[in-house]
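Visitor: Pasting start-v9.txt here (compact mmCIF, C-alpha atoms and all ligand atoms):
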# COMPACT_ATOMS: atom_id res chain seq x y z
CA MET N 1 109.50 85.79 -14.09
CA SER N 2 110.27 84.87 -17.75
CA ALA N 3 107.68 83.07 -19.90
CA ALA N 4 109.93 79.98 -20.02
CA ALA N 5 110.19 79.83 -16.22
CA ALA N 6 106.45 80.40 -15.85
CA GLU N 7 105.77 77.28 -17.91
CA MET N 8 107.95 75.04 -15.70
CA ILE N 9 105.21 73.50 -13.61
CA CYS N 10 104.61 69.96 -12.50
CA SER N 11 101.65 68.28 -10.81
CA ASN N 12 103.94 65.91 -8.86
CA PRO N 13 104.12 67.49 -5.34
CA ASP N 14 107.64 66.07 -4.85
CA CYS N 15 109.02 67.73 -7.98
CA ARG N 16 110.85 71.08 -7.71
CA VAL N 17 111.26 71.67 -11.42
CA SER N 18 110.39 75.36 -11.18
CA VAL N 19 113.42 75.78 -8.86
CA ASP N 20 116.07 73.30 -10.02
CA LYS N 21 114.79 72.86 -13.59
CA LYS N 22 115.10 69.06 -13.24
CA CYS N 23 112.47 66.33 -13.38
CA VAL N 24 112.36 64.54 -10.02
CA GLU N 25 111.86 61.22 -11.87
CA GLY N 26 115.01 61.89 -13.97
CA LEU N 27 112.98 61.93 -17.20
CA SER N 28 113.17 64.38 -20.03
CA PHE N 29 110.26 66.80 -19.76
CA ASP N 30 108.44 65.43 -22.82
CA LYS N 31 108.48 61.90 -21.28
CA CYS N 32 107.16 62.94 -17.84
CA GLN N 33 103.40 62.49 -17.45
CA PHE N 34 103.23 65.18 -14.69
CA TYR N 35 105.30 67.93 -16.32
CA GLY N 36 103.35 70.95 -17.56
CA LYS N 37 100.30 70.17 -15.39
CA GLN N 38 99.08 72.35 -12.46
CA PRO N 39 100.47 71.16 -9.10
CA THR N 40 98.06 69.40 -6.76
CA ALA N 41 97.83 70.02 -2.97
CA PRO N 42 100.91 68.66 -1.12
CA ARG N 43 100.60 65.12 0.21
CA PRO N 44 100.53 64.84 4.02
CA ALA N 45 103.82 63.57 5.46
CA GLU N 46 104.08 59.81 5.80
CA GLY N 47 102.26 58.60 8.91
CA ALA N 48 100.72 62.03 9.55
CA GLU N 49 96.99 62.38 9.45
CA ALA N 50 95.45 65.01 7.22
CA ALA N 51 95.02 68.21 9.24
CA ALA N 52 91.45 68.45 10.47
CA PRO N 53 89.77 71.82 9.97
CA ALA N 54 89.99 73.91 13.17
CA THR N 55 86.86 73.70 15.26
CA GLY N 56 85.81 75.17 18.64
CA LEU N 57 86.32 78.56 20.21
CA ASP N 58 89.45 80.33 21.35
CA LEU N 59 88.84 80.93 25.03
CA ASP N 60 90.41 83.82 26.87
CA PRO N 61 92.86 82.56 29.53
CA GLY N 62 91.02 84.73 32.08
CA VAL N 63 94.15 85.53 34.07
CA THR N 64 94.28 89.33 34.20
CA LEU N 65 93.36 92.16 31.85
CA HIS N 66 95.89 94.51 30.33
CA ALA N 67 95.15 98.22 29.96
CA VAL N 68 93.44 97.95 26.56
CA GLN N 69 91.14 95.12 27.72
CA ALA N 70 90.35 97.06 30.90
CA SER N 71 89.38 100.07 28.77
CA GLY N 72 86.93 97.78 26.94
CA VAL N 73 85.24 96.90 30.25
CA LEU N 74 85.11 100.60 31.14
CA ARG N 75 83.30 101.41 27.91
CA SER N 76 80.78 98.57 28.14
CA ALA N 77 79.52 98.77 31.72
CA ARG N 78 79.09 100.94 34.82
CA SER N 79 82.47 100.67 36.37
CA ARG N 80 84.83 101.72 39.12
CA VAL N 81 88.60 101.72 38.68
CA ILE N 82 90.60 101.15 41.84
CA GLY N 83 94.29 101.98 41.92
CA ILE N 84 96.22 100.25 44.69
CA ILE N 85 99.48 101.90 45.68
CA GLY N 86 101.99 100.62 48.18
CA ALA N 87 105.57 99.72 48.83
CA TYR N 88 106.99 96.29 48.08
CA ASP N 89 105.37 93.50 50.12
CA CYS N 90 102.79 95.74 51.84
CA GLY N 91 99.89 93.45 50.92
CA LYS N 92 98.42 94.77 47.64
CA THR N 93 97.87 91.43 45.90
CA SER N 94 96.68 89.82 49.15
CA LEU N 95 94.02 92.51 49.47
CA LEU N 96 92.54 91.55 46.09
CA ALA N 97 92.82 87.84 46.87
CA GLY N 98 91.19 88.36 50.28
CA LEU N 99 88.25 90.21 48.73
CA TYR N 100 87.71 87.49 46.14
CA ASP N 101 87.89 84.77 48.81
CA LEU N 102 85.38 86.63 50.97
CA PHE N 103 82.90 86.42 48.09
CA GLN N 104 83.34 82.62 48.10
CA GLU N 105 81.36 82.61 51.37
CA GLY N 106 78.45 84.59 49.89
CA PRO N 107 77.48 88.24 49.47
CA ILE N 108 79.55 90.82 51.33
CA GLY N 109 76.94 92.90 53.14
CA GLY N 110 74.58 94.05 50.42
CA VAL N 111 76.93 93.27 47.54
CA THR N 112 76.73 90.05 45.50
CA PHE N 113 79.41 88.66 43.21
CA ALA N 114 78.01 88.51 39.67
CA GLY N 115 80.93 87.29 37.54
CA SER N 116 84.48 87.98 36.47
CA SER N 117 86.58 87.75 33.33
CA THR N 118 89.70 87.14 35.46
CA LEU N 119 88.56 84.14 37.53
CA HIS N 120 91.73 82.21 36.75
CA GLY N 121 93.85 85.16 37.88
CA PHE N 122 91.95 85.41 41.18
CA GLU N 123 92.34 81.66 41.73
CA GLN N 124 96.10 81.93 41.15
CA ILE N 125 96.62 84.70 43.71
CA CYS N 126 94.34 82.96 46.25
CA HIS N 127 95.87 79.52 45.96
CA ASP N 128 98.81 79.96 48.32
CA SER N 129 96.55 81.27 51.08
CA ARG N 130 94.29 78.23 50.96
CA VAL N 131 94.55 74.88 52.69
CA ALA N 132 94.74 73.20 49.24
CA SER N 133 98.22 74.71 48.74
CA LYS N 134 99.41 72.58 51.70
CA ARG N 135 101.38 75.55 53.02
CA GLY N 136 101.65 75.98 56.77
CA VAL N 137 101.40 79.77 56.47
CA ALA N 138 99.34 81.86 54.06
CA HIS N 139 101.46 83.26 51.26
CA SER N 140 101.01 85.51 48.26
CA PRO N 141 102.98 85.25 44.98
CA ARG N 142 105.17 88.32 44.33
CA THR N 143 103.89 90.58 41.61
CA SER N 144 106.54 90.79 38.91
CA ARG N 145 107.61 94.09 37.43
CA GLY N 146 106.08 95.15 34.15
CA GLU N 147 102.71 96.24 32.95
CA VAL N 148 99.85 96.90 35.35
CA ALA N 149 97.43 93.97 35.58
CA PHE N 150 93.71 94.44 36.16
CA TYR N 151 91.50 92.02 38.07
CA HIS N 152 87.83 92.31 37.23
CA MET N 153 84.65 91.51 39.15
CA ASP N 154 81.04 92.31 38.33
CA LEU N 155 79.03 93.14 41.44
CA LEU N 156 75.35 93.67 42.13
CA GLN N 157 74.29 95.95 44.93
CA ASP N 158 71.04 95.28 46.83
CA GLY N 159 68.13 97.14 45.28
CA GLU N 160 69.88 97.66 41.93
CA THR N 161 69.31 95.85 38.66
CA ASP N 162 72.54 96.75 36.82
CA VAL N 163 75.87 95.22 37.70
CA ILE N 164 78.83 97.43 38.33
CA SER N 165 82.27 96.35 37.13
CA LEU N 166 85.11 96.75 39.56
CA LEU N 167 88.56 96.94 37.96
CA LEU N 168 91.30 96.44 40.53
CA ALA N 169 94.78 97.42 39.40
CA ASP N 170 97.78 95.48 40.65
CA ARG N 171 101.39 96.41 40.06
CA SER N 172 104.69 95.57 41.72
CA GLY N 173 105.43 97.73 44.77
CA GLU N 174 108.93 98.52 43.51
CA GLU N 175 107.50 100.49 40.60
CA TYR N 176 105.52 102.72 42.98
CA GLU N 177 108.61 103.22 45.14
CA GLU N 178 110.52 104.41 42.06
CA VAL N 179 108.02 107.26 41.60
CA ALA N 180 109.34 108.78 44.82
CA ASP N 181 112.79 109.07 43.21
CA ASP N 182 111.66 110.13 39.76
CA MET N 183 108.14 111.36 39.24
CA SER N 184 108.35 110.71 35.48
CA ASN N 185 107.90 107.01 36.38
CA GLY N 186 104.31 107.91 37.29
CA HIS N 187 103.43 109.18 33.80
CA SER N 188 102.67 105.71 32.49
CA MET N 189 100.48 104.69 35.43
CA PHE N 190 97.26 104.51 33.47
CA GLU N 191 95.46 102.85 36.39
CA LEU N 192 95.86 105.95 38.56
CA ARG N 193 94.91 108.48 35.91
CA ARG N 194 91.66 106.53 35.40
CA ALA N 195 91.09 105.69 39.08
CA ASP N 196 87.87 106.53 40.91
CA THR N 197 89.55 105.56 44.17
CA VAL N 198 93.28 105.63 44.86
CA THR N 199 94.03 103.19 47.67
CA VAL N 200 97.29 103.67 49.56
CA LEU N 201 98.38 100.70 51.66
CA ILE N 202 100.46 100.97 54.83
CA ASP N 203 102.13 97.76 56.01
CA GLY N 204 100.94 97.17 59.60
CA ARG N 205 103.49 94.43 60.25
CA ARG N 206 106.44 96.68 59.33
CA LEU N 207 104.90 99.54 61.33
CA CYS N 208 105.22 97.38 64.46
CA ASP N 209 108.89 96.66 63.83
CA PRO N 210 111.17 99.36 65.31
CA LYS N 211 113.71 98.68 62.52
CA SER N 212 111.30 99.40 59.67
CA ARG N 213 108.80 101.75 61.36
CA HIS N 214 110.46 105.01 60.28
CA ASP N 215 110.93 103.77 56.76
CA VAL N 216 107.20 102.97 56.50
CA ILE N 217 106.20 106.37 57.90
CA ASN N 218 108.61 108.32 55.72
CA SER N 219 108.20 106.44 52.45
CA VAL N 220 104.48 106.95 51.78
CA ALA N 221 104.27 110.72 51.32
CA PRO N 222 107.10 110.87 48.72
CA ILE N 223 105.31 108.23 46.61
CA VAL N 224 102.00 110.15 46.73
CA GLN N 225 103.86 113.43 46.11
CA GLY N 226 105.65 111.97 43.06
CA LEU N 227 102.40 110.60 41.66
CA GLN N 228 100.59 113.87 42.24
CA GLU N 229 103.35 115.82 40.47
CA SER N 230 103.20 113.42 37.53
CA GLY N 231 99.51 114.28 37.09
CA ALA N 232 98.25 110.87 38.23
CA PHE N 233 95.36 112.30 40.28
CA ALA N 234 94.08 114.80 37.71
CA ARG N 235 90.51 113.43 37.88
CA ARG N 236 90.35 114.14 41.62
CA PRO N 237 89.61 110.58 42.78
CA GLN N 238 88.74 109.49 46.33
CA LEU N 239 91.64 108.49 48.57
CA ALA N 240 91.56 105.44 50.86
CA VAL N 241 94.46 105.05 53.29
CA VAL N 242 94.53 101.41 54.42
CA LEU N 243 96.41 99.76 57.27
CA THR N 244 97.12 96.17 56.14
CA LYS N 245 98.02 93.04 58.18
CA ASN N 246 96.11 94.20 61.24
CA ASP N 247 96.43 90.69 62.73
CA ALA N 248 100.17 91.37 63.07
CA VAL N 249 99.42 94.75 64.67
CA ILE N 250 96.99 93.26 67.19
CA GLY N 251 99.46 90.52 68.06
CA SER N 252 102.33 92.96 68.62
CA ASP N 253 103.35 94.68 71.86
CA LYS N 254 103.81 97.82 69.71
CA ALA N 255 100.13 97.87 68.69
CA ALA N 256 99.32 101.19 70.40
CA VAL N 257 102.34 102.93 68.86
CA ALA N 258 101.58 101.52 65.40
CA THR N 259 97.94 102.58 65.58
CA ALA N 260 98.92 106.11 66.65
CA ASP N 261 101.51 106.25 63.85
CA PHE N 262 98.89 105.21 61.33
CA ASP N 263 96.40 107.85 62.53
CA ARG N 264 99.09 110.54 62.29
CA LEU N 265 100.04 109.35 58.81
CA VAL N 266 96.42 109.66 57.62
CA GLU N 267 96.22 113.19 59.10
CA THR N 268 99.44 114.14 57.31
CA MET N 269 98.17 112.76 54.01
CA ASP N 270 94.90 114.66 54.41
CA ARG N 271 96.71 117.90 55.25
CA ARG N 272 99.24 117.63 52.42
CA PHE N 273 97.18 116.12 49.63
CA GLY N 274 93.53 116.41 50.74
CA ASP N 275 92.73 119.12 48.17
CA ARG N 276 93.80 116.75 45.35
CA PHE N 277 91.16 114.17 46.33
CA SER N 278 87.36 114.35 46.51
CA ALA N 279 87.36 112.51 49.88
CA VAL N 280 89.91 110.96 52.24
CA ARG N 281 89.12 107.99 54.54
CA LYS N 282 91.11 105.47 56.53
CA PHE N 283 90.53 101.71 56.81
CA VAL N 284 92.02 98.87 58.84
CA THR N 285 92.17 95.46 57.12
CA THR N 286 93.38 91.89 57.54
CA ALA N 287 93.36 90.27 54.11
CA SER N 288 95.53 87.23 54.75
CA PRO N 289 96.16 86.59 58.46
CA THR N 290 98.87 84.32 59.76
CA GLU N 291 97.28 84.40 63.21
CA MET N 292 93.85 82.87 63.68
CA THR N 293 92.88 85.70 66.05
CA VAL N 294 91.56 87.79 63.14
CA LYS N 295 89.27 86.54 60.39
CA ARG N 296 90.52 86.57 56.80
CA GLY N 297 88.97 89.55 55.03
CA ASP N 298 88.37 91.62 58.16
CA GLY N 299 87.74 95.28 57.27
CA LEU N 300 87.32 94.62 53.55
CA GLN N 301 83.55 95.21 53.55
CA ASP N 302 83.97 98.87 54.57
CA LEU N 303 86.63 99.34 51.92
CA LEU N 304 84.44 97.68 49.26
CA TYR N 305 81.54 99.99 50.12
CA TYR N 306 83.81 102.99 49.79
CA TRP N 307 85.09 101.77 46.42
CA LEU N 308 81.54 101.25 45.13
CA ASN N 309 79.83 104.30 46.47
CA VAL N 310 81.67 106.78 44.33
CA VAL N 311 78.88 108.97 43.00
CA SER N 312 80.73 110.23 39.98
CA SER N 313 84.21 111.04 38.86
CA GLU N 314 84.66 114.72 38.53
CA PRO N 315 86.15 116.01 35.30
CA ALA N 316 89.81 116.91 35.56
CA PRO N 317 90.29 120.34 37.15
CA PRO N 318 92.54 122.76 35.30
CA PRO N 319 96.15 121.89 36.12
CA ARG N 320 97.52 123.82 39.05
CA ALA N 321 101.11 124.91 38.76
CA ASP N 322 103.30 124.00 41.72
CA SER N 323 105.55 126.94 40.98
CA ASP N 324 105.40 130.15 38.91
CA ARG N 325 107.39 128.59 36.08
CA VAL N 326 105.40 127.91 32.91
CA PHE N 327 107.05 124.50 32.70
CA ALA N 328 105.43 123.50 36.01
CA ALA N 329 101.95 123.81 34.49
CA LEU N 330 102.66 121.23 31.76
CA ARG N 331 100.96 117.88 32.22
CA PRO N 332 101.36 114.57 30.34
CA ARG N 333 98.90 114.13 27.49
CA GLU N 334 96.02 111.63 28.12
CA GLU N 335 96.11 108.72 25.64
N1 LIG B 1 100.05 88.58 58.76
C1 LIG B 1 99.57 88.98 57.58
N2 LIG B 1 100.34 88.85 56.48
C2 LIG B 1 99.83 89.29 55.30
C3 LIG B 1 98.54 89.87 55.19
N3 LIG B 1 98.34 90.23 53.89
C4 LIG B 1 99.46 89.87 53.24
N4 LIG B 1 100.35 89.30 54.06
C5 LIG B 1 101.67 88.75 53.69
O1 LIG B 1 102.50 89.79 53.23
C6 LIG B 1 103.36 89.33 52.18
C7 LIG B 1 103.25 90.24 50.97
O2 LIG B 1 101.93 90.21 50.47
P1 LIG B 1 101.60 90.62 48.96
O3 LIG B 1 100.12 90.70 48.88
O4 LIG B 1 102.28 89.73 47.99
O5 LIG B 1 102.26 92.06 48.88
P2 LIG B 1 102.39 92.99 47.60
O6 LIG B 1 102.24 94.39 48.07
O7 LIG B 1 101.45 92.56 46.52
O8 LIG B 1 103.90 92.72 47.17
P3 LIG B 1 104.61 93.07 45.76
O9 LIG B 1 103.67 92.66 44.68
O10 LIG B 1 105.86 92.25 45.77
O11 LIG B 1 104.88 94.54 45.77
C8 LIG B 1 102.93 87.88 51.89
O12 LIG B 1 103.82 87.01 52.51
C9 LIG B 1 101.54 87.78 52.51
O13 LIG B 1 101.23 86.47 52.94
C10 LIG B 1 97.75 89.97 56.38
O14 LIG B 1 96.60 90.43 56.39
N5 LIG B 1 98.33 89.51 57.54
MG MG B 2 101.76 91.97 44.61
As structure tokens, please, write out the structure in this file.

Guide:
Amino acid sequence: MSAAAAEMICSNPDCRVSVDKKCVEGLSFDKCQFYGKQPTAPRPAEGAEAAAPATGLDLDPGVTLHAVQASGVLRSARSRVIGIIGAYDCGKTSLLAGLYDLFQEGPIGGVTFAGSSTLHGFEQICHDSRVASKRGVAHSPRTSRGEVAFYHMDLLQDGETDVISLLLADRSGEEYEEVADDMSNGHSMFELRRADTVTVLIDGRRLCDPKSRHDVINSVAPIVQGLQESGAFARRPQLAVVLTKNDAVIGSDKAAVATADFDRLVETMDRRFGDRFSAVRKFVTTASPTEMTVKRGDGLQDLLYYWLNVVSSEPAPPPRADSDRVFAALRPREE
């Protein structure tokens, strides 16, 4: 800026002399009482009140945690990360909502709810299953595609003084299904690489339907296979295989067939992938029944105990090549 331009200042906030080199009052510079003086703070717009200094605290919306926030919880407390895998509509989000709602009635067995940074998120996914939603039938909002979302609850086990933070990962089922087609889709699944328990859900309602039964049976192993090949289970987590919507199974005339199918599926998973997990167990749950014959949350206590009673996560074993090719031993780098 030249010295001449630098001198073109005016204390009248409406004057733009430094830009247009004209006095806003139309005076010559030597006649203007404001010209040459330091500008003052701009006047508030007519009718507008002077802006009050910001007060108060920015509160977190408390909906869900993204991966970085979840890592913060992992660093600050004893924690368990639970990955929940399953095809579209199999009941993943309802499982989390059902667990949260069960805590509304009091402790679950010897486990007491001690807080959450995602209360609003839990309330959102529970709403459509509650009477307050004025829906005739319990419903769960579809999880949209995108980043994994973590729900968080602090829990206190009987006889312990320290809370344990449970981080429950929720993701759209379509993204898990895509891993079966292209295992590289599993590389970004942070929630599984950090998981203490990988929970695979099998849709009981679809297992009872002759039209979808084979699809349910045949779709699970390719998803687990794709995830395993992408290195998602490198820490050797526990595996829980969970039959969901058991109220629909009990109410179906195909209940015996569906139960036998489920048992065979668990055996197959154990045989094919058992050595990649530190333990394999099956569970039967009803998180959000449409029939009143089964209580909401049935079977979730056993699953919760399994999630919590992980003694420790083993360090990642050396990668095992699936073939003799050097390329097969390469694994994605941990962030
Ligand atoms: N009968 C019955 N229906 C259930 C149960 N749990 C969930 N559902 C229903 O199954 C449907 C899908 O449930 P969600 O929890 O949204 O399934 P999801 O796996 O999260 O689905 P995406 O996020 O879209 O992959 C909803 O209509 C639920 O109401 C259950 O225990 N019994
Ligand atoms: Mg969902």

Visitor: As a compact mmCIF listing (two decimals) with C-alpha atoms, keeping the file's coordinate frame, please: the residues near region 213-225 of chain N (cut-off 7 Å, only C-alpha atoms, same-chain neighbours under 2 positions excluded).

Guide:
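Output contents, as saved in out.txt:
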# COMPACT_ATOMS: atom_id res chain seq x y z
CA TYR N 176 105.52 102.72 42.98
CA GLU N 177 108.61 103.22 45.14
CA VAL N 179 108.02 107.26 41.60
CA ALA N 180 109.34 108.78 44.82
CA ARG N 206 106.44 96.68 59.33
CA LEU N 207 104.90 99.54 61.33
CA CYS N 208 105.22 97.38 64.46
CA ASP N 209 108.89 96.66 63.83
CA PRO N 210 111.17 99.36 65.31
CA LYS N 211 113.71 98.68 62.52
CA LEU N 227 102.40 110.60 41.66
CA GLN N 228 100.59 113.87 42.24
CA GLU N 229 103.35 115.82 40.47
CA LEU N 265 100.04 109.35 58.81
CA MET N 269 98.17 112.76 54.01

Visitor: Would you mind listing the residues within 9 Å of ligand LIG 1 (chain B), counting all atoms listed in the file, as a ChimeraX atom specification?

Guide: /N:85-98,125,128-129,137-145,170-176,201,203-205,244-249,285-291,294,296-298

Visitor: Counting all atoms listed in the file, figure out which residue out of N:Gln33, N:Thr64, N:Ser76, N:Thr161 gets nearest to His120 (chain N).

Guide: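 Closest to His120 (chain N), using all atoms listed in the file: N:Thr64.
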
Visitor: In Å, rounded to a single decimal, give me how far CA of Arg276 (chain N) is from CA of Val241 (chain N).

Guide: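 Computing the Euclidean distance for CA of Val241 (chain N) and CA of Arg276 (chain N) yields 14.2 Å.
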
Visitor: Record the distance separating CA of Phe262 (chain N) and CA of Val242 (chain N), expressed in Å with one decimal.

Guide: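 CA of Val242 (chain N) lies 9.0 Å from CA of Phe262 (chain N).
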
Visitor: If you measure from CA of His152 (chain N) to CA of Leu99 (chain N), what distance in Å do you get, rounded to one decimal?

Guide: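 One can read the CA of His152 (chain N) to CA of Leu99 (chain N) distance as 11.7 Å.
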
Visitor: Using all atoms listed in the file, which of the listed residues (N:Met292, N:Leu308, N:Ala70, N:Leu239) sits closest to Ala279 (chain N)?

Guide: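 Closest residue, counting all atoms listed in the file: N:Leu239.
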
Visitor: Report as a ChimeraX atom specification all protein, DNA and RNA residues lying within 10 Å of Thr199 (chain N), evaluated on all atoms listed in the file, omitting residues in the same chain fewer than 2 positions from it.

Guide: /N:82-86,92,192,195-197,201-202,237-242,280-283,303,307

Visitor: Can you pull out every residue within 6 Å of Arg236 (chain N), counting all atoms listed in the file, but drop anything in the same chain fewer than 3 positions away, and send it as a VMD selection string?

Guide: chain N and resid 233 276 to 278

Visitor: Pick out the residues sitting within 12 Å of Gln69 (chain N), and hand them over as a PyMOL selection string; count all atoms listed in the file, and ignore anything fewer than 6 positions along from it in its own chain.

Guide: chain N and resi 60+62-63+75-76+117-118+148-152+167

Visitor: Rank N:Ala234, N:Lys22, N:Leu243, N:Ser11 by their smallest atom-to-atom distance to Gly36 (chain N), using only C-alpha atoms, and report the top residue only.

Guide: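 Under the stated criterion, the closest residue is N:Ser11.
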